[in-house]
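Below is one structure, written out as structure tokens; the observations come after it.
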Amino acid sequence: MSTQVKESSPAGEAQAEHQQQLPGERHSSKIVRFYSHPWTQIILISLICFCLPGIYNALVGIGGSGQVDPTVAANATVALLATTAATALFIVGPIFSWVGPRICFLIGGWTYALYTGSLLHFNHHPDDGSFVIASGAILGVGASFIWIVQGAIMTTYVDESQKGRAIAVFWIIFNLGGGIGSLVSFGLNYNSKSGTVTDSTYIALMVIMIFGYFLGLFICSPSRIRLTQLNRAVETEKRSVKGTAIMAIKTLSKWRVACMIPLFFSANVFYSYQQNEVNGRTFNIRTRSLNGAFYWIAQMLGGLFIGLILDMPWFSRGVRARVGWVILLVTGMAIWGGGYAFQLWENKRLALGLVQDIDYTQGNISTGPIFLYIFYGTYDALWQGFAYWLIGTESNSTARAAVLVGAYKTFQATGGAMAWRINALHKSPLTQLGMNWGLCIGSLIFVLPTVWTVSDHTAAEAEAGYEGEKRDEPHKTMEDAEV
């Protein structure tokens, strides 16, 4: 008589994970068990990203990072994305394999507060944009560390059946930072007529970022996470220089990963257009702040939606991949089509010299553009949630996930840097929209072979196949050596 294996409920899965302890952890305290629980770490990294890139997103989402002239902020973002592209894959990925997630985070987390401080300095020295641009370049390196730590934790610290929910939880908490930060900016700048955010806005955001940095002290090493699937994957990792290089090459040389590269490249290309052209040029300062809050709240809802879709227990993982792809294609065509209609209308206004003049109280002309900006935020969450989930289907190993996330961030930053540079060169908004629309739909077509061949499970034997030989004992990072 055959036995049918059914997918357990989230509560049942959590209980099973609770029972999956490493030999040395059987007598550990409840606090340690709670600390090393997969979902504790998912929530922790989400709170950290709430305080760091989430608050940063609130800042740049205002348009021009809160400045009247967005050119300096755009050039700083180009520098940020260029250094991220240069370091994420070939430098930060290997460092992650050697030192683990906590040390990686501590290396890069402080750079967010530095960038915000440079904008505070720029408020008083508007002729000195070099400090802002240099801080942006440093932040790019720091962001590489943060996002590889985040991506590796989010895509490997939970069971395969829960990865969509992990993405949803992260995206909600992370973008809550952008939403709250934008609402704070809205309140602080409610009566402002200057077009530039106040000093108190920058100071408040810096305080939150510093708090988030110290939360990183509680990040847990993957070898201590009580999840059998992760522990088996960790056992197949080789962290010597040669082993790391071989693992990275074999991971990236798969045709499935190659088909994902355009998806990665297009993940940030639309930010410059949406934030500087749609929000930054159309609305006054307080409405830009309010729109920023709506944008990030829409991201929360979009992340929740795509996460639940990709974890549907009624369908196999392959079917869920195809459903997610269809959702991105249909919503992309609809939202970018609406954006095209808006830009034709906006071009007429720009020809009349109407810039940064619309207030949210002008419902007859503000409602449509505000809702378009909300839908742009939703689509970004759908896109990135789907991309992260695809990465999670490739591996349950944090080291290999770090390589894939490094590739994601490298190509994402490359595409973003290109788009921000185009924005800084003041190419027409309609040209930027057409580029974004074409890249998004083209990327979806290119990734279809990967989507169509997603397997229902990633076996530990397949993980070992990345390097051709399984290790007898897992390699310890610097974090594993801690008491």
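Identifiers for the structure tokens are assigned positionally: chains receive A, B, ... in sequence, residues are indexed from 1 per chain, and ligands are indexed from 1 in the order shown.
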*Write out as an NGL selection string which residues come within 12 Å of A:Tyr273 when counting only C-alpha atoms, dropping same-chain ones fewer than 5 positions away.*
:A and (61 or 63-64 or 70 or 74 or 268 or 278-282 or 339 or 343 or 373 or 376 or 416 or 418-424 or 426-437)
_Just the number, please: distance in Å from atom CA of A:Asp359 to atom CA of A:Gly292, one decimal._
13.7 Å
*Neighbours of stretch 326-338 of chain A within 8 Å (only C-alpha atoms; same-chain residues fewer than 3 positions away dropped), as a ChimeraX atom specification?*
/A:322-323,341-342,372,375-376,379,382-383,433,437,440-441,444
